[in-house]
$ cat protein-v9.pdb   # PDB, C-alpha atoms
ATOM      1  CA  MET A   3    -129.587 -81.608 -41.924
ATOM      2  CA  ILE A   4    -126.688 -79.386 -43.103
ATOM      3  CA  ALA A   5    -125.216 -79.215 -39.611
ATOM      4  CA  THR A   6    -125.420 -83.022 -39.299
ATOM      5  CA  ARG A   7    -123.604 -83.448 -42.606
ATOM      6  CA  GLU A   8    -120.878 -81.040 -41.488
ATOM      7  CA  VAL A   9    -120.384 -82.970 -38.244
ATOM      8  CA  ILE A  10    -120.189 -86.267 -40.171
ATOM      9  CA  ALA A  11    -117.727 -84.771 -42.677
ATOM     10  CA  MET A  12    -115.537 -83.367 -39.901
ATOM     11  CA  ALA A  13    -115.530 -86.726 -38.124
ATOM     12  CA  PHE A  14    -114.644 -88.524 -41.387
ATOM     13  CA  PHE A  15    -111.772 -86.230 -42.302
ATOM     14  CA  LYS A  16    -110.426 -85.811 -38.773
ATOM     15  CA  ARG A  17    -106.720 -86.559 -38.770
ATOM     16  CA  GLU A  18    -105.585 -89.333 -36.479
ATOM     17  CA  LEU A  19    -103.089 -88.123 -33.914
ATOM     18  CA  GLY A  20     -99.581 -89.472 -34.053
ATOM     19  CA  PRO A  21     -97.772 -91.009 -31.052
ATOM     20  CA  VAL A  22     -95.981 -87.775 -30.165
ATOM     21  CA  GLU A  23     -99.207 -85.758 -30.282
ATOM     22  CA  ARG A  24    -101.027 -88.336 -28.174
ATOM     23  CA  PHE A  25     -98.299 -88.348 -25.519
ATOM     24  CA  GLU A  26     -98.144 -84.537 -25.573
ATOM     25  CA  SER A  27    -101.909 -84.401 -25.029
ATOM     26  CA  ALA A  28    -101.714 -86.975 -22.213
ATOM     27  CA  LEU A  29     -98.877 -85.059 -20.532
ATOM     28  CA  LYS A  30    -100.808 -81.791 -20.829
ATOM     29  CA  GLU A  31    -103.826 -83.383 -19.152
ATOM     30  CA  LYS A  32    -101.681 -84.837 -16.369
ATOM     31  CA  LEU A  33    -100.033 -81.473 -15.722
ATOM     32  CA  ALA A  34    -103.399 -79.718 -15.633
ATOM     33  CA  ALA A  35    -104.819 -82.274 -13.173
ATOM     34  CA  ARG A  36    -101.688 -82.046 -11.054
ATOM     35  CA  GLN A  37    -101.977 -78.274 -10.906
ATOM     36  CA  LYS A  38    -105.575 -78.525  -9.712
ATOM     37  CA  LEU A  39    -104.520 -80.994  -7.020
ATOM     38  CA  ALA A  40    -101.616 -78.764  -5.995
ATOM     39  CA  ASP A  41    -104.025 -75.813  -5.648
ATOM     40  CA  ARG A  42    -106.310 -77.897  -3.437
ATOM     41  CA  LEU A  43    -103.348 -78.960  -1.322
ATOM     42  CA  SER A  44    -102.223 -75.373  -0.949
ATOM     43  CA  ILE A  45    -105.697 -74.358   0.275
ATOM     44  CA  ALA A  46    -105.803 -77.329   2.676
ATOM     45  CA  GLU A  47    -102.358 -76.481   4.101
ATOM     46  CA  THR A  48    -103.421 -72.866   4.626
ATOM     47  CA  GLU A  49    -106.572 -74.044   6.378
ATOM     48  CA  LEU A  50    -104.547 -76.477   8.495
ATOM     49  CA  GLY A  51    -102.290 -73.646   9.612
ATOM     50  CA  GLU A  52    -105.312 -71.589  10.602
ATOM     51  CA  LYS A  53    -106.843 -74.536  12.528
ATOM     52  CA  ARG A  54    -103.601 -75.114  14.403
ATOM     53  CA  ALA A  55    -103.323 -71.444  15.289
ATOM     54  CA  ALA A  56    -106.939 -71.398  16.492
ATOM     55  CA  ALA A  57    -106.442 -74.525  18.634
ATOM     56  CA  GLU A  58    -103.284 -73.013  20.090
ATOM     57  CA  ARG A  59    -105.068 -69.789  20.996
ATOM     58  CA  LEU A  60    -107.875 -71.719  22.709
ATOM     59  CA  ALA A  61    -105.381 -73.807  24.666
ATOM     60  CA  VAL A  62    -103.429 -70.709  25.777
ATOM     61  CA  ALA A  63    -106.655 -68.956  26.758
ATOM     62  CA  GLY A  64    -107.705 -71.952  28.859
ATOM     63  CA  ALA A  65    -110.866 -72.765  26.905
ATOM     64  CA  ALA A  66    -113.227 -75.485  28.041
ATOM     65  CA  ASN A  67    -112.413 -79.100  27.206
ATOM     66  CA  ALA A  68    -115.394 -79.402  24.852
ATOM     67  CA  LYS A  69    -114.175 -76.410  22.863
ATOM     68  CA  LEU A  70    -110.668 -77.796  22.711
ATOM     69  CA  ASP A  71    -112.005 -81.225  21.602
ATOM     70  CA  ARG A  72    -113.955 -79.605  18.758
ATOM     71  CA  ALA A  73    -110.944 -77.541  17.701
ATOM     72  CA  GLU A  74    -108.653 -80.583  17.721
ATOM     73  CA  ALA A  75    -111.209 -82.687  15.796
ATOM     74  CA  SER A  76    -111.566 -79.965  13.195
ATOM     75  CA  MET A  77    -107.767 -79.669  12.950
ATOM     76  CA  ARG A  78    -107.331 -83.471  12.570
ATOM     77  CA  ALA A  79    -109.940 -83.590   9.810
ATOM     78  CA  VAL A  80    -108.086 -80.925   7.822
ATOM     79  CA  GLU A  81    -104.772 -82.631   8.622
ATOM     80  CA  ASP A  82    -106.080 -85.983   7.304
ATOM     81  CA  ARG A  83    -107.331 -84.301   4.134
ATOM     82  CA  THR A  84    -103.957 -82.630   3.692
ATOM     83  CA  LYS A  85    -102.130 -85.968   4.028
ATOM     84  CA  THR A  86    -104.461 -87.531   1.463
ATOM     85  CA  LEU A  87    -103.862 -84.670  -0.962
ATOM     86  CA  ARG A  88    -100.086 -84.912  -0.481
ATOM     87  CA  ALA A  89    -100.143 -88.642  -1.251
ATOM     88  CA  ALA A  90    -102.294 -88.028  -4.313
ATOM     89  CA  LEU A  91     -99.925 -85.274  -5.470
ATOM     90  CA  ALA A  92     -96.912 -87.589  -5.079
ATOM     91  CA  GLU A  93     -98.715 -90.207  -7.189
ATOM     92  CA  PHE A  94     -99.460 -87.558  -9.830
ATOM     93  CA  ASP A  95     -95.794 -86.586  -9.864
ATOM     94  CA  GLU A  96     -94.897 -90.175 -10.743
ATOM     95  CA  GLN A  97     -97.534 -90.217 -13.470
ATOM     96  CA  VAL A  98     -96.231 -86.934 -14.886
ATOM     97  CA  ALA A  99     -92.660 -88.274 -14.876
ATOM     98  CA  SER A 100     -93.846 -91.430 -16.647
ATOM     99  CA  ALA A 101     -95.723 -89.343 -19.237
ATOM    100  CA  GLU A 102     -92.621 -87.204 -19.803
ATOM    101  CA  ARG A 103     -90.511 -90.330 -20.375
ATOM    102  CA  ALA A 104     -93.094 -91.720 -22.791
ATOM    103  CA  LEU A 105     -93.128 -88.422 -24.687
ATOM    104  CA  ALA A 106     -89.320 -88.354 -24.862
ATOM    105  CA  ASP A 107     -89.316 -91.940 -26.165
ATOM    106  CA  ALA A 108     -91.968 -91.091 -28.761
ATOM    107  CA  LYS A 109     -89.970 -88.062 -29.952
ATOM    108  CA  ALA A 110     -86.801 -90.161 -30.170
ATOM    109  CA  GLN A 111     -88.675 -92.803 -32.171
ATOM    110  CA  GLN A 112     -90.049 -90.101 -34.445
ATOM    111  CA  ASP A 113     -86.521 -88.819 -35.068
ATOM    112  CA  ARG A 114     -85.309 -92.360 -35.772
ATOM    113  CA  ASN A 115     -88.175 -92.910 -38.197
ATOM    114  CA  LEU A 116     -87.290 -89.712 -40.067
ATOM    115  CA  VAL A 117     -83.654 -90.822 -40.403
ATOM    116  CA  ALA A 118     -84.747 -94.329 -41.454
ATOM    117  CA  ASP A 119     -87.085 -92.830 -44.087
ATOM    118  CA  GLU A 120     -84.188 -90.794 -45.478
ATOM    119  CA  ILE A 121     -81.961 -93.893 -45.601
ATOM    120  CA  GLU A 122     -84.660 -95.886 -47.407
ATOM    121  CA  ALA A 123     -85.201 -92.986 -49.819
ATOM    122  CA  MET A 124     -81.471 -93.055 -50.601
ATOM    123  CA  ALA A 125     -81.650 -96.796 -51.349
ATOM    124  CA  ALA A 126     -84.683 -96.273 -53.579
ATOM    125  CA  ALA A 127     -82.908 -93.468 -55.465
ATOM    126  CA  ILE A 128     -79.901 -95.717 -56.093
ATOM    127  CA  GLU A 129     -82.180 -98.483 -57.363
ATOM    128  CA  ARG A 130     -83.915 -96.057 -59.729
ATOM    129  CA  ALA A 131     -80.585 -94.771 -61.055
ATOM    130  CA  ALA A 132     -78.973 -98.202 -61.531
ATOM    131  CA  PRO A 133     -80.909 -99.214 -64.692
ATOM    132  CA  GLY A 134     -79.877 -95.953 -66.360
ATOM    133  CA  PHE A 135     -76.240 -96.684 -65.616
ATOM    134  CA  GLN A 136     -76.553-100.228 -66.958
ATOM    135  CA  ALA A 137     -78.224 -98.950 -70.119
ATOM    136  CA  SER A 138     -75.478 -96.388 -70.685
ATOM    137  CA  ALA A 139     -72.753 -98.986 -70.117
ATOM    138  CA  ALA A 140     -74.502-101.426 -72.462
ATOM    139  CA  ALA A 141     -74.699 -98.723 -75.126
ATOM    140  CA  LEU A 142     -70.941 -98.122 -74.879
ATOM    141  CA  ILE A 143     -70.237-101.863 -75.148
ATOM    142  CA  GLU A 144     -72.582-102.241 -78.137
ATOM    143  CA  ALA A 145     -70.951 -99.278 -79.868
ATOM    144  CA  VAL A 146     -67.716-101.286 -79.931
ATOM    145  CA  ALA A 147     -69.301-104.695 -80.583
ATOM    146  CA  ASN A 148     -71.441-103.480 -83.517
ATOM    147  CA  SER A 149     -68.599-101.676 -85.244
ATOM    148  CA  PRO A 150     -67.362-103.413 -88.441
ATOM    149  CA  THR A 151     -63.810-102.341 -87.558
ATOM    150  CA  THR A 152     -61.904-104.049 -84.755
ATOM    151  CA  MET A 153     -59.373-102.058 -82.760
ATOM    152  CA  PRO A 154     -57.444-103.410 -79.760
ATOM    153  CA  GLU A 155     -57.906-100.130 -77.889
ATOM    154  CA  ALA A 156     -61.665-100.242 -78.385
ATOM    155  CA  THR A 157     -61.784-103.905 -77.354
ATOM    156  CA  ARG A 158     -59.888-103.158 -74.137
ATOM    157  CA  PHE A 159     -62.175-100.197 -73.513
ATOM    158  CA  SER A 160     -65.262-102.397 -73.968
ATOM    159  CA  ALA A 161     -63.873-105.025 -71.581
ATOM    160  CA  SER A 162     -63.089-102.339 -68.996
ATOM    161  CA  VAL A 163     -66.599-100.908 -69.253
ATOM    162  CA  GLU A 164     -68.104-104.379 -68.815
ATOM    163  CA  ALA A 165     -65.935-105.023 -65.737
ATOM    164  CA  VAL A 166     -66.910-101.660 -64.244
ATOM    165  CA  ARG A 167     -70.576-102.342 -65.042
ATOM    166  CA  ARG A 168     -70.516-105.670 -63.191
ATOM    167  CA  GLU A 169     -68.706-104.140 -60.249
ATOM    168  CA  VAL A 170     -71.046-101.151 -59.991
ATOM    169  CA  VAL A 171     -74.174-103.308 -60.282
ATOM    170  CA  SER A 172     -72.887-105.626 -57.540
ATOM    171  CA  ALA A 173     -71.887-102.665 -55.358
ATOM    172  CA  ALA A 174     -75.288-101.030 -55.920
ATOM    173  CA  ASP A 175     -77.093-104.201 -54.815
ATOM    174  CA  LEU A 176     -74.868-104.406 -51.762
ATOM    175  CA  ILE A 177     -75.261-100.782 -50.706
ATOM    176  CA  CYS A 178     -79.052-100.919 -51.137
ATOM    177  CA  TRP A 179     -79.219-104.002 -48.937
ATOM    178  CA  GLU A 180     -76.927-102.375 -46.352
ATOM    179  CA  LEU A 181     -78.950 -99.150 -46.400
ATOM    180  CA  ARG A 182     -82.219-100.990 -45.830
ATOM    181  CA  SER A 183     -80.649-103.046 -43.043
ATOM    182  CA  ALA A 184     -79.401 -99.813 -41.473
ATOM    183  CA  ALA A 185     -82.902 -98.329 -41.769
ATOM    184  CA  VAL A 186     -84.392-101.326 -39.942
ATOM    185  CA  ARG A 187     -81.789-101.068 -37.184
ATOM    186  CA  THR A 188     -82.332 -97.316 -36.942
ATOM    187  CA  ARG A 189     -86.089 -97.717 -36.480
ATOM    188  CA  ALA A 190     -85.444-100.308 -33.768
ATOM    189  CA  GLY A 191     -83.053 -97.931 -32.020
ATOM    190  CA  ASN A 192     -80.063-100.289 -32.076
ATOM    191  CA  ALA A 193     -77.948 -98.579 -34.747
ATOM    192  CA  ASN A 194     -75.354 -95.858 -34.499
ATOM    193  CA  ILE A 195     -75.702 -93.139 -37.079
ATOM    194  CA  ALA A 196     -72.551 -93.071 -39.153
ATOM    195  CA  SER A 197     -70.157 -90.371 -38.076
ATOM    196  CA  GLY A 198     -68.383 -88.031 -40.430
ATOM    197  CA  ALA A 199     -65.123 -90.024 -40.182
ATOM    198  CA  PRO A 200     -64.932 -92.710 -42.902
ATOM    199  CA  THR A 201     -64.180 -96.301 -41.939
ATOM    200  CA  GLU A 202     -60.998 -98.070 -42.920
ATOM    201  CA  SER A 203     -62.524 -99.448 -46.113
ATOM    202  CA  GLU A 204     -63.890 -95.992 -47.006
ATOM    203  CA  GLN A 205     -60.665 -94.047 -46.516
ATOM    204  CA  PRO A 206     -59.615 -92.209 -49.678
ATOM    205  CA  GLN A 207     -56.901 -94.242 -51.342
ATOM    206  CA  PRO A 208     -53.706 -92.825 -52.837
ATOM    207  CA  ALA A 209     -54.348 -91.829 -56.428
ATOM    208  CA  GLU A 210     -51.123 -93.428 -57.715
ATOM    209  CA  ILE A 211     -52.180 -96.962 -56.625
ATOM    210  CA  GLU A 212     -54.577 -98.764 -58.938
ATOM    211  CA  ARG A 213     -57.100-100.698 -56.864
ATOM    212  CA  GLN A 214     -59.808-103.306 -57.189
ATOM    213  CA  LEU A 215     -62.854-103.313 -54.921
ATOM    214  CA  ILE A 216     -62.814-106.821 -53.473
ATOM    215  CA  PHE A 217     -64.261-108.859 -50.572
ATOM    216  CA  THR A 218     -61.850-110.375 -48.044
ATOM    217  CA  LEU A 219     -62.162-113.981 -46.860
ATOM    218  CA  HIS A 220     -59.306-113.767 -44.328
ATOM    219  CA  PRO A 221     -57.641-110.923 -42.399
ATOM    220  CA  LEU A 222     -54.994-109.424 -44.717
ATOM    221  CA  LEU A 223     -51.846-107.348 -44.436
ATOM    222  CA  TRP A 224     -49.872-105.407 -47.054
ATOM    223  CA  ARG A 225     -47.660-102.337 -47.240
ATOM    224  CA  GLU A 226     -48.077 -99.098 -49.127
ATOM    225  CA  GLY A 227     -44.876 -97.113 -48.800
ATOM    226  CA  SER A 228     -44.331 -96.419 -45.116
ATOM    227  CA  GLU A 229     -47.919 -97.389 -44.222
ATOM    228  CA  THR A 230     -48.944-100.909 -43.250
ATOM    229  CA  ARG A 231     -52.533-101.749 -44.109
ATOM    230  CA  ARG A 232     -54.440-104.333 -42.066
ATOM    231  CA  VAL A 233     -58.018-105.256 -42.966
ATOM    232  CA  PRO A 234     -60.395-107.731 -41.292
ATOM    233  CA  ALA A 235     -62.032-110.743 -42.861
ATOM    234  CA  TYR A 236     -65.446-110.350 -44.509
ATOM    235  CA  ALA A 237     -64.901-106.708 -45.448
ATOM    236  CA  MET A 238     -65.127-104.795 -48.708
ATOM    237  CA  VAL A 239     -61.756-103.113 -49.384
ATOM    238  CA  GLY A 240     -59.793-101.522 -52.192
ATOM    239  CA  LEU A 241     -56.930-103.956 -52.779
ATOM    240  CA  PRO A 242     -53.938-102.896 -54.918
ATOM    241  CA  LYS A 243     -54.312-104.668 -58.255
ATOM    242  CA  ALA A 244     -50.689-105.801 -58.073
ATOM    243  CA  LEU A 245     -51.641-108.070 -55.134
ATOM    244  CA  LEU A 246     -54.963-109.212 -56.565
ATOM    245  CA  PRO A 247     -53.722-112.286 -58.530
ATOM    246  CA  VAL A 248     -51.917-113.870 -55.577
ATOM    247  CA  ALA A 249     -54.803-113.084 -53.212
ATOM    248  CA  LEU A 250     -57.281-114.720 -55.616
ATOM    249  CA  GLN A 251     -55.012-117.684 -56.284
ATOM    250  CA  HIS A 252     -54.783-118.528 -52.575
ATOM    251  CA  HIS A 253     -58.510-117.859 -51.987
ATOM    252  CA  HIS A 254     -57.982-114.991 -49.566
ATOM    253  CA  VAL A 255     -60.366-112.697 -51.476
ATOM    254  CA  ASP A 256     -63.168-112.970 -54.014
ATOM    255  CA  PHE A 257     -65.116-110.675 -56.326
ATOM    256  CA  LEU A 258     -68.203-108.865 -55.050
ATOM    257  CA  ASN A 259     -70.528-110.633 -57.485
ATOM    258  CA  ALA A 260     -69.387-114.111 -56.402
ATOM    259  CA  ARG A 261     -72.184-116.225 -54.961
ATOM    260  CA  ARG A 262     -70.371-117.040 -51.706
ATOM    261  CA  VAL A 263     -69.565-113.359 -51.223
ATOM    262  CA  GLN A 264     -73.250-112.448 -51.422
ATOM    263  CA  THR A 265     -73.976-115.053 -48.724
ATOM    264  CA  LEU A 266     -71.139-113.808 -46.501
ATOM    265  CA  MET A 267     -72.336-110.219 -46.889
ATOM    266  CA  HIS A 268     -75.776-111.197 -45.631
ATOM    267  CA  LEU A 269     -74.297-113.170 -42.747
ATOM    268  CA  HIS A 270     -71.834-110.529 -41.561
ATOM    269  CA  GLY A 271     -73.365-107.295 -42.798
ATOM    270  CA  ASN A 272     -75.553-106.621 -39.725
ATOM    271  CA  GLU A 273     -72.541-106.586 -37.407
ATOM    272  CA  GLY A 274     -71.245-103.374 -38.927
ATOM    273  CA  PRO A 275     -67.614-102.472 -39.588
ATOM    274  CA  GLN A 276     -65.138-104.768 -37.870
ATOM    275  CA  SER A 277     -62.033-103.530 -36.100
ATOM    276  CA  ASP A 278     -58.680-103.970 -37.791
ATOM    277  CA  PRO A 279     -56.805-107.150 -36.813
ATOM    278  CA  GLN A 280     -53.897-106.855 -34.394
ATOM    279  CA  HIS A 281     -50.342-107.124 -35.718
ATOM    280  CA  ASP A 282     -49.848-110.407 -33.826
ATOM    281  CA  ASP A 283     -53.043-112.028 -35.158
ATOM    282  CA  ARG A 284     -52.062-115.579 -36.188
ATOM    283  CA  GLU A 285     -54.657-115.646 -38.988
ATOM    284  CA  LEU A 286     -53.274-112.464 -40.568
ATOM    285  CA  VAL A 287     -52.060-113.162 -44.137
ATOM    286  CA  ASP A 288     -49.147-111.045 -45.389
ATOM    287  CA  LEU A 289     -49.850-110.571 -49.100
ATOM    288  CA  ASP A 290     -46.449-108.966 -49.733
ATOM    289  CA  VAL A 291     -44.646-112.048 -48.390
ATOM    290  CA  LEU A 292     -46.989-114.330 -50.337
ATOM    291  CA  ALA A 293     -46.354-112.392 -53.565
ATOM    292  CA  ALA A 294     -42.583-112.484 -52.976
ATOM    293  CA  GLU A 295     -42.691-116.257 -52.474
ATOM    294  CA  GLU A 296     -44.662-116.650 -55.701
ATOM    295  CA  ASN A 297     -42.121-114.524 -57.593
ATOM    296  CA  GLN A 298     -39.188-116.524 -56.177
ATOM    297  CA  GLY A 299     -40.891-119.755 -57.191
ATOM    298  CA  ALA A 300     -41.495-118.451 -60.702
ATOM    299  CA  GLN A 301     -37.853-117.317 -61.040
ATOM    300  CA  ALA A 302     -36.623-120.717 -59.841
ATOM    301  CA  ASP A 303     -38.770-122.457 -62.452
ATOM    302  CA  VAL A 304     -37.353-120.202 -65.160
ATOM    303  CA  ALA A 305     -33.782-120.830 -63.976
ATOM    304  CA  GLN A 306     -34.282-124.586 -63.940
ATOM    305  CA  GLY A 307     -35.744-124.628 -67.429
ATOM    306  CA  PRO A 308     -32.456-124.171 -69.406
ATOM    307  CA  VAL A 309     -30.621-126.641 -67.124
ATOM    308  CA  ALA A 310     -33.219-129.323 -67.743
ATOM    309  CA  GLN A 311     -33.057-128.539 -71.480
ATOM    310  CA  ALA A 312     -29.267-128.865 -71.499
ATOM    311  CA  GLY A 313     -29.483-132.192 -69.713
TER     312      GLY A 313
END
$ encode --input "protein-v9.pdb" --output "structure tokens"
Amino acid sequence: MIATREVIAMAFFKRELGPVERFESALKEKLAARQKLADRLSIAETELGEKRAAAERLAVAGAANAKLDRAEASMRAVEDRTKTLRAALAEFDEQVASAERALADAKAQQDRNLVADEIEAMAAAIERAAPGFQASAAALIEAVANSPTTMPEATRFSASVEAVRREVVSAADLICWELRSAAVRTRAGNANIASGAPTESEQPQPAEIERQLIFTLHPLLWREGSETRRVPAYAMVGLPKALLPVALQHHHVDFLNARRVQTLMHLHGNEGPQSDPQHDDRELVDLDVLAAEENQGAQADVAQGPVAQAG
């Protein structure tokens, strides 16, 4: 009775083998069977050599035809068995190669699953941390709003915190969606693991330029000192705040929390980072030229104002 219970308990708690373990076990069995077949073939080839030598000695010695017939028949029987064993061994070699490929694929899938699990864990950690950030930002905003004294500096600070809060919440939602999409692609084996080199939109920006994280609707061009920046459409970039008003006015960019931006992110996010547009791209919008034209138009309006007044 006790032994029966132990057997039942062992069967109940027996761990199910994973794909890699199953393929390793199958490959081990194939290799063991192949080795047994190779040993049999080796014995048969040795015996065939002995039969041939014996038949040759009988033929050289001039043995009777009956003796030679028996020797040749015995040799052909061993020869046929050897051919059969060779064919079987060749088939086993193919099976072993197939098992090795299956094991390699299973190990690669296991590695991809581990990476995908780590990516999903990162997304989950960001989601867990986001409410704490929102609560802290809300507390800072309330500290200003609930104060009986109004100060312009505090009001600007509160507005800045609210803008940062909205931007961070939107960016957190985006990165969690991108991370989970990357995890799905990684499990399927059709994603490249990000290299150590940051993409164009992730390059560290010069500290002296104040920027706004924004989503592009068209390929854009602007200059930063001696460097010319080109960014593709449907990308998240850090745009200099000096160019933000004209880019928004002409609908070349939009904020990350805009409804159409969320849709565009879902539509274009799976394609991964796009390459920078070429300098001769006809759709490329030069924000510096656009800003200069806006400034010239504004100056012309100001210049015309006194003339019209005088008239």
$ residues_around --input "protein-v9.pdb" --residues "range 175-179 of chain A" --least-positions-apart "5" --cutoff "9 Å" --atoms "only C-alpha atoms" --output "list of chain:residue names"
A:Glu122, A:Met124, A:Ala125, A:Ala126, A:Ile128, A:Glu129, A:Val170, A:Ala184, A:Leu258, A:Gln264, A:Met267, A:His268
$ closest_atom_pairs --input "protein-v9.pdb" --of "range 79-154 of chain A" --to "range 46-63 of chain A" --cutoff "10 Å" --atoms "all atoms listed in the file" --output "tab-separated table"
residue	atom	partner	partner_atom	distance
A:Ala79	CA	A:Leu50	CA	9.0
A:Val80	CA	A:Leu50	CA	5.7
A:Glu81	CA	A:Leu50	CA	6.2
A:Asp82	CA	A:Leu50	CA	9.7
A:Arg83	CA	A:Ala46	CA	7.3
A:Thr84	CA	A:Ala46	CA	5.7
A:Lys85	CA	A:Ala46	CA	9.5
A:Leu87	CA	A:Ala46	CA	8.4
A:Arg88	CA	A:Glu47	CA	9.9
$ closest_residue --input "protein-v9.pdb" --among "A:Val233, A:Val166, A:Ala249, A:Val98" --to "Asp290 in chain A" --atoms "all atoms listed in the file"
A:Ala249
$ atom_distance --input "protein-v9.pdb" --atom1 "CA of Glu212 in chain A" --atom2 "CA of Val239 in chain A"
12.7 Å
$ atom_distance --input "protein-v9.pdb" --atom1 "CA of Asp119 in chain A" --atom2 "CA of Ala173 in chain A"
21.3 Å
$ atom_distance --input "protein-v9.pdb" --atom1 "CA of Leu286 in chain A" --atom2 "CA of His220 in chain A"
7.2 Å
$ closest_residue --input "protein-v9.pdb" --among "A:Lys30, A:Arg114, A:Arg213, A:Arg24" --to "Leu245 in chain A" --atoms "all atoms listed in the file"
A:Arg213
$ closest_residue --input "protein-v9.pdb" --among "A:Ala118, A:Ala244, A:Thr218, A:Ala34" --to "Arg182 in chain A" --atoms "all atoms listed in the file"
A:Ala118
$ closest_residue --input "protein-v9.pdb" --among "A:Lys69, A:Leu91, A:Ala131, A:Leu19" --to "Ala40 in chain A" --atoms "all atoms listed in the file"
A:Leu91
$ residues_around --input "protein-v9.pdb" --residues "range 137-148 of chain A" --least-positions-apart "3" --cutoff "10 Å" --atoms "only C-alpha atoms" --output "tab-separated table (two decimals) with C-alpha atoms, in the frame of the given file"
chain	number	residue	atom	x	y	z
A	132	ALA	CA	-78.97	-98.20	-61.53
A	133	PRO	CA	-80.91	-99.21	-64.69
A	134	GLY	CA	-79.88	-95.95	-66.36
A	151	THR	CA	-63.81	-102.34	-87.56
A	152	THR	CA	-61.90	-104.05	-84.76
A	153	MET	CA	-59.37	-102.06	-82.76
A	156	ALA	CA	-61.66	-100.24	-78.39
A	157	THR	CA	-61.78	-103.90	-77.35
A	158	ARG	CA	-59.89	-103.16	-74.14
A	159	PHE	CA	-62.18	-100.20	-73.51
A	160	SER	CA	-65.26	-102.40	-73.97
A	161	ALA	CA	-63.87	-105.02	-71.58
A	162	SER	CA	-63.09	-102.34	-69.00
A	163	VAL	CA	-66.60	-100.91	-69.25
A	164	GLU	CA	-68.10	-104.38	-68.82
A	166	VAL	CA	-66.91	-101.66	-64.24
A	167	ARG	CA	-70.58	-102.34	-65.04
A	168	ARG	CA	-70.52	-105.67	-63.19
$ residues_around --input "protein-v9.pdb" --residues "Lys32 in chain A" --least-positions-apart "5" --cutoff "9 Å" --atoms "all atoms listed in the file" --output "ChimeraX atom specification"
/A:27,37,94-95,97-98,101
$ resolve_selection --input "protein-v9.pdb" --expression "the PyMOL selection byres ((chain A and resi 228-231) around 10)" --output "list in words"
Glu202, Leu222, Leu223, Trp224, Arg225, Glu226, Gly227, Arg232, Val233, Leu241, Asp278, His281 and Asp288 of chain A
$ residues_around --input "protein-v9.pdb" --residues "Val117 in chain A" --least-positions-apart "5" --cutoff "9 Å" --atoms "all atoms listed in the file" --output "number ranges by chain"
A: 112, 122, 185, 188-189, 195
$ closest_residue --input "protein-v9.pdb" --among "A:Pro247, A:Pro234, A:Glu169, A:Arg130" --to "Leu215 in chain A" --atoms "only C-alpha atoms"
A:Glu169
